[in-house]
Amino acid sequence: MSYFTNKTVWITGASSGIGEALTYELAKQGARIIISARRAEELKRVQQQAGTANIYVLPLDLEAAASFPPKVEEAIAAFSQIDIMIHNGGISQRSTVKDTLPAVQRKVMEVDYFSYIELTRLLLPHMQQRKTGQFVVISSVMGKIGTPMRSAYAAAKHALHGFFDCLRAEVWKDNIKVTLILPGYIRTQVSLNAVTATGGKLNELGKNIGHGFPADKTAQQIIRAVQKGKFEKFVGRPLSQEWMALHLMRLFPTMAIKIFKNAVPQ
Ligand SMILES: NC(=O)c1ccc[n+]([C@@H]2O[C@H](COP(=O)([O-])OP(=O)(O)OC[C@H]3O[C@@H](n4cnc5c(N)ncnc54)[C@H](OP(=O)(O)O)[C@@H]3O)[C@@H](O)[C@H]2O)c1
């Protein structure tokens with residue numbers, strides 16, 4: 001028996017990268033899984049590759065908030081319960097503050113922040129009624145620091161920490177846990193899919209992401225943090241530059257901010 005036996009986990013952003021890797025790891029651990037993203041055909045590929053019957057494909061656009069109430073109902077109905085919600089789907093950004101159109105700032109907030117909090121609001125009554133649940137939020141090291149070219153992305157990730165720390169303080173009495181995950185550089189499609197100043201797709205594999213930590217090992221680290229009910233956990237390559245950045249920010253913020261001014265965006 002694993003922590004995930006007889007548990008239902010809903011993962012957004014499961015068509016690629018960290019979400020896809022989490023799906024395979026959770027399938028091995030015996031979870032029932034609901035997988036969401038926009039591309040239904042990619043979700044079906046992940047479903048087949050996971051090799052278990054206990055996967056329900058639920059296409060979902062995180063920018064389409066009006067569709068969330070029926071999607072949440074469908075997710076709960078799929079296996080009669082949701083035990084763990086992994087908010088993972090998201091987009092990154094590569095553009096300066098000066099050049100970034102307001103619509104792009106809003107789009108990143110919509111996908112990376114507002115969708116998470118609205119899905120959470122809709123799922124809460126179900127978890128509170130059952131007196132059990134766990135929200136797992138894939139933030140970023142950028143949820144704690146700021147570097148050039150990431151204003152919208154870092155703003156959304158910082159906002160997640162404020163919101164979900166408050167939620168944890170509200171719902172622990174209902175036996176509902178909140179785990180914030182801070183990945184470093186992970187080898188995924190994230191930089192290819194990042195938005196530019198005008199909302200286009202970057203389509204470039206950044207050097208740091210290209211040399212990033214493997215998604216499958218990241219998924220294993222996330223699963224361990226979920227099992228332990230961690231409040232907040234860095235995942236990625238131990239002792240990496242981003243691990244050091246996070247710790248420097250915690251221990252010596254003034255020095256960290258001086259160093260980040262010169263960070264070369266990749
Ligand atoms: N890779 C890293 O270095 C890194 C570091 C820190 C944090 N993260 C975070 O990790 C999470 C997963 O990213 P990843 O690295 O695995 O990148 P990825 O390979 O680009 O995967 C992103 C996932 O999000 C989904 N998605 C994007 N926009 C969506 C929308 N509007 N509606 C529904 N789904 C949407 C994509 O699916 P569809 O295109 O099919 O919709 C895809 O499944 C993100 O929250 C990201 O910020 C990644």
# chains A, B, ... in the order shown; residues from 1 in each chain; ligands from 1
>>> residues_around(residues="Gly200 (chain A)", least_positions_apart="4", cutoff="10 Å", atoms="only C-alpha atoms", output="ChimeraX atom specification")
/A:93,104,193-196
>>> select_by_dssp(residues="region 43-86 of chain A", states="alpha helix (DSSP H)", output="list of chain:residue names")
A:Leu43, A:Lys44, A:Arg45, A:Val46, A:Gln47, A:Gln48, A:Gln49, A:Ala50, A:Phe68, A:Pro69, A:Pro70, A:Lys71, A:Val72, A:Glu73, A:Glu74, A:Ala75, A:Ile76, A:Ala77, A:Ala78, A:Phe79
>>> residues_around(residues="region 63-66 of chain A", least_positions_apart="3", cutoff="8 Å", atoms="only C-alpha atoms", output="PyMOL selection string")
chain A and resi 60+69+107+110-111+115+118
>>> write_last_selection(atoms="N, CA, C and O atoms", output="PDB file, in the first residue's frame")
ATOM      1  N   LEU A  60      -9.151  20.632 -20.465  1.00  0.00           N
ATOM      2  CA  LEU A  60      -9.497  21.846 -19.711  1.00  0.00           C
ATOM      3  C   LEU A  60      -8.574  22.973 -20.146  1.00  0.00           C
ATOM      4  O   LEU A  60      -7.363  22.791 -20.212  1.00  0.00           O
ATOM      5  N   PRO A  69     -16.882  25.310 -13.413  1.00  0.00           N
ATOM      6  CA  PRO A  69     -17.860  24.587 -12.569  1.00  0.00           C
ATOM      7  C   PRO A  69     -18.247  23.216 -13.133  1.00  0.00           C
ATOM      8  O   PRO A  69     -18.166  22.208 -12.399  1.00  0.00           O
ATOM      9  N   LYS A 107      -2.677  37.611 -19.176  1.00  0.00           N
ATOM     10  CA  LYS A 107      -2.779  36.208 -19.605  1.00  0.00           C
ATOM     11  C   LYS A 107      -1.978  35.297 -18.653  1.00  0.00           C
ATOM     12  O   LYS A 107      -2.460  34.244 -18.216  1.00  0.00           O
ATOM     13  N   GLU A 110      -3.761  34.951 -15.467  1.00  0.00           N
ATOM     14  CA  GLU A 110      -4.968  34.136 -15.633  1.00  0.00           C
ATOM     15  C   GLU A 110      -4.625  32.647 -15.561  1.00  0.00           C
ATOM     16  O   GLU A 110      -5.265  31.867 -14.843  1.00  0.00           O
ATOM     17  N   VAL A 111      -3.601  32.255 -16.314  1.00  0.00           N
ATOM     18  CA  VAL A 111      -3.244  30.828 -16.391  1.00  0.00           C
ATOM     19  C   VAL A 111      -2.538  30.380 -15.105  1.00  0.00           C
ATOM     20  O   VAL A 111      -2.856  29.319 -14.551  1.00  0.00           O
ATOM     21  N   SER A 115      -6.581  30.811 -12.409  1.00  0.00           N
ATOM     22  CA  SER A 115      -7.183  29.485 -12.638  1.00  0.00           C
ATOM     23  C   SER A 115      -6.986  28.596 -11.400  1.00  0.00           C
ATOM     24  O   SER A 115      -7.883  27.847 -11.019  1.00  0.00           O
ATOM     25  N   GLU A 118      -9.431  29.709  -8.570  1.00  0.00           N
ATOM     26  CA  GLU A 118     -10.851  29.447  -8.839  1.00  0.00           C
ATOM     27  C   GLU A 118     -11.141  27.937  -8.769  1.00  0.00           C
ATOM     28  O   GLU A 118     -12.151  27.515  -8.198  1.00  0.00           O
TER      29      GLU A 118
END
>>> residues_near_ligand(ligand="ligand 1", cutoff="6 Å", atoms="only C-alpha atoms and all ligand atoms", output="ChimeraX atom specification")
/A:13-19,37-39,60-63,88-92,111,138-140,183-190,193,209
>>> residues_around(residues="Ile223 (chain A)", least_positions_apart="3", cutoff="10 Å", atoms="only C-alpha atoms", output="PyMOL selection string")
chain A and resi 3-4+22+25-26+29+136+217-220+226-229
>>> write_last_selection(atoms="N, CA and C atoms", output="PDB file, in the first residue's frame")
ATOM      1  N   TYR A   3       0.941   5.652  -0.194  1.00  0.00           N
ATOM      2  CA  TYR A   3       0.150   6.814   0.237  1.00  0.00           C
ATOM      3  C   TYR A   3      -0.979   7.088  -0.755  1.00  0.00           C
ATOM      4  N   PHE A   4      -0.756   6.706  -2.032  1.00  0.00           N
ATOM      5  CA  PHE A   4      -1.697   7.061  -3.094  1.00  0.00           C
ATOM      6  C   PHE A   4      -2.716   5.959  -3.410  1.00  0.00           C
ATOM      7  N   LEU A  22       4.577  13.340 -13.569  1.00  0.00           N
ATOM      8  CA  LEU A  22       3.826  13.044 -12.339  1.00  0.00           C
ATOM      9  C   LEU A  22       2.768  11.969 -12.600  1.00  0.00           C
ATOM     10  N   GLU A  25       4.457   8.552 -12.581  1.00  0.00           N
ATOM     11  CA  GLU A  25       4.886   8.145 -11.231  1.00  0.00           C
ATOM     12  C   GLU A  25       3.677   7.782 -10.368  1.00  0.00           C
ATOM     13  N   LEU A  26       2.612   8.586 -10.475  1.00  0.00           N
ATOM     14  CA  LEU A  26       1.421   8.310  -9.659  1.00  0.00           C
ATOM     15  C   LEU A  26       0.718   7.037 -10.123  1.00  0.00           C
ATOM     16  N   GLN A  29       2.304   4.261  -8.507  1.00  0.00           N
ATOM     17  CA  GLN A  29       1.988   4.202  -7.060  1.00  0.00           C
ATOM     18  C   GLN A  29       0.547   3.768  -6.803  1.00  0.00           C
ATOM     19  N   VAL A 136      -1.711  20.629  -4.012  1.00  0.00           N
ATOM     20  CA  VAL A 136      -0.289  20.671  -4.324  1.00  0.00           C
ATOM     21  C   VAL A 136      -0.127  21.723  -5.420  1.00  0.00           C
ATOM     22  N   LYS A 217      12.707  12.493 -12.416  1.00  0.00           N
ATOM     23  CA  LYS A 217      13.291  12.579 -11.060  1.00  0.00           C
ATOM     24  C   LYS A 217      12.593  13.696 -10.272  1.00  0.00           C
ATOM     25  N   THR A 218      12.218  14.754 -10.971  1.00  0.00           N
ATOM     26  CA  THR A 218      11.484  15.860 -10.317  1.00  0.00           C
ATOM     27  C   THR A 218      10.153  15.342  -9.780  1.00  0.00           C
ATOM     28  N   ALA A 219       9.470  14.552 -10.602  1.00  0.00           N
ATOM     29  CA  ALA A 219       8.168  14.006 -10.178  1.00  0.00           C
ATOM     30  C   ALA A 219       8.339  13.146  -8.926  1.00  0.00           C
ATOM     31  N   GLN A 220       9.429  12.379  -8.878  1.00  0.00           N
ATOM     32  CA  GLN A 220       9.660  11.535  -7.684  1.00  0.00           C
ATOM     33  C   GLN A 220       9.879  12.400  -6.441  1.00  0.00           C
ATOM     34  N   VAL A 226       4.804  15.432  -1.227  1.00  0.00           N
ATOM     35  CA  VAL A 226       3.347  15.320  -1.041  1.00  0.00           C
ATOM     36  C   VAL A 226       3.062  14.312   0.071  1.00  0.00           C
ATOM     37  N   GLN A 227       3.746  13.164  -0.001  1.00  0.00           N
ATOM     38  CA  GLN A 227       3.547  12.114   1.016  1.00  0.00           C
ATOM     39  C   GLN A 227       3.855  12.624   2.414  1.00  0.00           C
ATOM     40  N   LYS A 228       4.910  13.455   2.504  1.00  0.00           N
ATOM     41  CA  LYS A 228       5.321  13.954   3.821  1.00  0.00           C
ATOM     42  C   LYS A 228       4.476  15.138   4.263  1.00  0.00           C
ATOM     43  N   GLY A 229       3.583  15.621   3.388  1.00  0.00           N
ATOM     44  CA  GLY A 229       2.743  16.772   3.733  1.00  0.00           C
ATOM     45  C   GLY A 229       3.553  18.034   3.957  1.00  0.00           C
TER      46      GLY A 229
END
>>> atom_distance(atom1="CA of Asp83 (chain A)", atom2="CA of Gln134 (chain A)")
6.4 Å
>>> atom_distance(atom1="CA of Ser95 (chain A)", atom2="CA of Arg150 (chain A)")
6.6 Å
>>> select_by_dssp(residues="region 57-187 of chain A", states="strand (DSSP E)", output="list in words")
Val57, Ile84, Met85, Ile86, His87, Gly133, Gln134, Phe135, Val136, Val137, Ile138, Ile176, Lys177, Val178, Thr179, Leu180, Ile181, Leu182 and Pro183 of chain A
>>> closest_residue(among="A:Trp10, A:Tyr116, A:Phe135, A:Tyr24", to="Phe79 (chain A)", atoms="only C-alpha atoms")
A:Trp10
>>> residues_around(residues="His247 (chain A)", least_positions_apart="2", cutoff="12 Å", atoms="only C-alpha atoms", output="PDB file with C-alpha atoms, in the first residue's frame")
ATOM      1  CA  VAL A 141      11.997  29.368  -7.367  1.00  0.00           C
ATOM      2  CA  LYS A 144      10.496  33.692  -4.041  1.00  0.00           C
ATOM      3  CA  ILE A 145      12.979  35.708  -6.114  1.00  0.00           C
ATOM      4  CA  LYS A 233       9.724  22.208  -0.943  1.00  0.00           C
ATOM      5  CA  PHE A 234      12.404  22.981  -3.513  1.00  0.00           C
ATOM      6  CA  PRO A 238      20.547  19.646  -5.369  1.00  0.00           C
ATOM      7  CA  LEU A 239      23.138  22.420  -4.821  1.00  0.00           C
ATOM      8  CA  SER A 240      22.316  23.958  -8.228  1.00  0.00           C
ATOM      9  CA  GLN A 241      22.517  27.728  -8.878  1.00  0.00           C
ATOM     10  CA  GLU A 242      18.750  28.039  -8.390  1.00  0.00           C
ATOM     11  CA  TRP A 243      18.902  26.087  -5.118  1.00  0.00           C
ATOM     12  CA  MET A 244      21.634  28.500  -3.996  1.00  0.00           C
ATOM     13  CA  ALA A 245      19.589  31.517  -5.169  1.00  0.00           C
ATOM     14  CA  MET A 249      17.370  35.008  -0.716  1.00  0.00           C
ATOM     15  CA  ARG A 250      16.211  33.452   2.552  1.00  0.00           C
ATOM     16  CA  LEU A 251      19.435  34.055   4.464  1.00  0.00           C
ATOM     17  CA  PHE A 252      20.969  37.182   2.878  1.00  0.00           C
ATOM     18  CA  PRO A 253      18.257  38.982   0.869  1.00  0.00           C
ATOM     19  CA  MET A 255      23.176  40.274  -1.197  1.00  0.00           C
ATOM     20  CA  ALA A 256      20.798  38.075  -3.223  1.00  0.00           C
TER      21      ALA A 256
END
>>> atom_distance(atom1="CA of Ser151 (chain A)", atom2="CA of Pro59 (chain A)")
28.7 Å
>>> residues_around(residues="region 158-163 of chain A", least_positions_apart="2", cutoff="7 Å", atoms="only C-alpha atoms", output="list in words")
Tyr113, Gly143, Lys144, Ala154, Ala155, Ala156, Asp165, Cys166 and Leu167 of chain A
>>> decode(residues="region 174-207 of chain A", atoms="N, CA, C and O atoms", output="short mmCIF file (atom, residue, chain, number, x, y, z; two decimals), in the first residue's frame")
data_model
loop_
_atom_site.label_atom_id
_atom_site.label_comp_id
_atom_site.auth_asym_id
_atom_site.auth_seq_id
_atom_site.Cartn_x
_atom_site.Cartn_y
_atom_site.Cartn_z
N ASP A 174 -9.95 21.36 8.78
CA ASP A 174 -10.75 20.41 7.99
C ASP A 174 -9.90 19.25 7.48
O ASP A 174 -10.32 18.50 6.58
N ASN A 175 -8.67 19.16 7.99
CA ASN A 175 -7.74 18.10 7.58
C ASN A 175 -7.38 18.24 6.09
O ASN A 175 -7.21 17.25 5.39
N ILE A 176 -7.29 19.49 5.64
CA ILE A 176 -6.88 19.75 4.25
C ILE A 176 -5.47 20.35 4.27
O ILE A 176 -5.22 21.33 4.98
N LYS A 177 -4.58 19.71 3.49
CA LYS A 177 -3.17 20.13 3.49
C LYS A 177 -2.86 20.98 2.26
O LYS A 177 -3.53 20.83 1.22
N VAL A 178 -1.84 21.79 2.38
CA VAL A 178 -1.38 22.59 1.24
C VAL A 178 0.14 22.43 1.12
O VAL A 178 0.87 22.67 2.08
N THR A 179 0.60 22.00 -0.06
CA THR A 179 2.02 21.79 -0.30
C THR A 179 2.45 22.65 -1.50
O THR A 179 1.94 22.47 -2.61
N LEU A 180 3.34 23.59 -1.25
CA LEU A 180 3.86 24.42 -2.34
C LEU A 180 5.21 23.87 -2.80
O LEU A 180 6.11 23.65 -1.99
N ILE A 181 5.31 23.65 -4.11
CA ILE A 181 6.53 23.05 -4.69
C ILE A 181 7.27 24.13 -5.48
O ILE A 181 6.66 24.82 -6.32
N LEU A 182 8.57 24.23 -5.25
CA LEU A 182 9.38 25.24 -5.94
C LEU A 182 10.41 24.56 -6.83
O LEU A 182 11.53 24.26 -6.39
N PRO A 183 10.08 24.28 -8.10
CA PRO A 183 11.09 23.66 -8.96
C PRO A 183 12.17 24.64 -9.36
O PRO A 183 11.92 25.84 -9.56
N GLY A 184 13.39 24.10 -9.49
CA GLY A 184 14.48 24.85 -10.15
C GLY A 184 14.33 24.63 -11.64
O GLY A 184 13.22 24.45 -12.15
N TYR A 185 15.46 24.63 -12.38
CA TYR A 185 15.39 24.40 -13.83
C TYR A 185 15.12 22.92 -14.11
O TYR A 185 15.91 22.06 -13.71
N ILE A 186 14.01 22.64 -14.79
CA ILE A 186 13.62 21.27 -15.11
C ILE A 186 13.52 21.15 -16.64
O ILE A 186 12.95 22.04 -17.30
N ARG A 187 14.04 20.05 -17.18
CA ARG A 187 14.06 19.87 -18.65
C ARG A 187 12.65 19.53 -19.15
O ARG A 187 12.22 18.38 -19.06
N THR A 188 11.94 20.55 -19.65
CA THR A 188 10.58 20.38 -20.17
C THR A 188 10.42 21.32 -21.38
O THR A 188 11.38 21.93 -21.83
N GLN A 189 9.17 21.49 -21.80
CA GLN A 189 8.87 22.39 -22.93
C GLN A 189 8.66 23.83 -22.45
O GLN A 189 8.24 24.67 -23.24
N VAL A 190 8.92 24.12 -21.17
CA VAL A 190 8.47 25.39 -20.59
C VAL A 190 9.00 26.62 -21.32
O VAL A 190 8.26 27.58 -21.52
N SER A 191 10.27 26.59 -21.73
CA SER A 191 10.78 27.80 -22.39
C SER A 191 10.29 27.87 -23.84
O SER A 191 10.06 28.96 -24.37
N LEU A 192 10.12 26.73 -24.49
CA LEU A 192 9.55 26.73 -25.85
C LEU A 192 8.16 27.36 -25.84
O LEU A 192 7.78 28.10 -26.74
N ASN A 193 7.38 27.06 -24.79
CA ASN A 193 6.00 27.53 -24.69
C ASN A 193 5.86 28.91 -24.04
O ASN A 193 4.74 29.43 -23.94
N ALA A 194 6.98 29.49 -23.59
CA ALA A 194 6.91 30.78 -22.88
C ALA A 194 6.36 31.87 -23.80
O ALA A 194 6.60 31.86 -25.01
N VAL A 195 5.64 32.82 -23.20
CA VAL A 195 5.11 33.93 -24.01
C VAL A 195 6.15 35.04 -24.14
O VAL A 195 6.94 35.29 -23.23
N THR A 196 6.09 35.73 -25.27
CA THR A 196 6.96 36.89 -25.51
C THR A 196 6.20 38.17 -25.14
O THR A 196 5.04 38.10 -24.72
N ALA A 197 6.85 39.31 -25.34
CA ALA A 197 6.27 40.61 -24.96
C ALA A 197 4.90 40.85 -25.59
O ALA A 197 4.03 41.47 -24.98
N THR A 198 4.71 40.33 -26.80
CA THR A 198 3.45 40.59 -27.50
C THR A 198 2.50 39.39 -27.48
O THR A 198 1.47 39.39 -28.15
N GLY A 199 2.87 38.35 -26.73
CA GLY A 199 1.96 37.21 -26.56
C GLY A 199 2.27 36.04 -27.50
O GLY A 199 1.55 35.04 -27.47
N GLY A 200 3.32 36.17 -28.31
CA GLY A 200 3.71 35.04 -29.18
C GLY A 200 4.39 33.95 -28.37
O GLY A 200 4.60 34.10 -27.16
N LYS A 201 4.71 32.85 -29.06
CA LYS A 201 5.38 31.73 -28.39
C LYS A 201 6.88 31.86 -28.61
O LYS A 201 7.32 32.08 -29.75
N LEU A 202 7.68 31.74 -27.55
CA LEU A 202 9.12 31.94 -27.66
C LEU A 202 9.78 30.92 -28.60
O LEU A 202 10.64 31.25 -29.39
N ASN A 203 9.38 29.66 -28.47
CA ASN A 203 9.92 28.60 -29.33
C ASN A 203 11.42 28.42 -29.24
O ASN A 203 12.06 28.06 -30.22
N GLU A 204 12.00 28.70 -28.10
CA GLU A 204 13.45 28.50 -27.91
C GLU A 204 13.67 27.66 -26.67
O GLU A 204 13.04 27.92 -25.64
N LEU A 205 14.59 26.70 -26.79
CA LEU A 205 14.94 25.92 -25.61
C LEU A 205 16.07 26.65 -24.90
O LEU A 205 17.19 26.70 -25.39
N GLY A 206 15.76 27.29 -23.78
CA GLY A 206 16.78 28.04 -23.03
C GLY A 206 17.88 27.09 -22.55
O GLY A 206 17.64 25.90 -22.32
N LYS A 207 19.10 27.66 -22.39
CA LYS A 207 20.25 26.83 -22.00
C LYS A 207 20.02 26.16 -20.63
O LYS A 207 20.25 24.97 -20.46
#
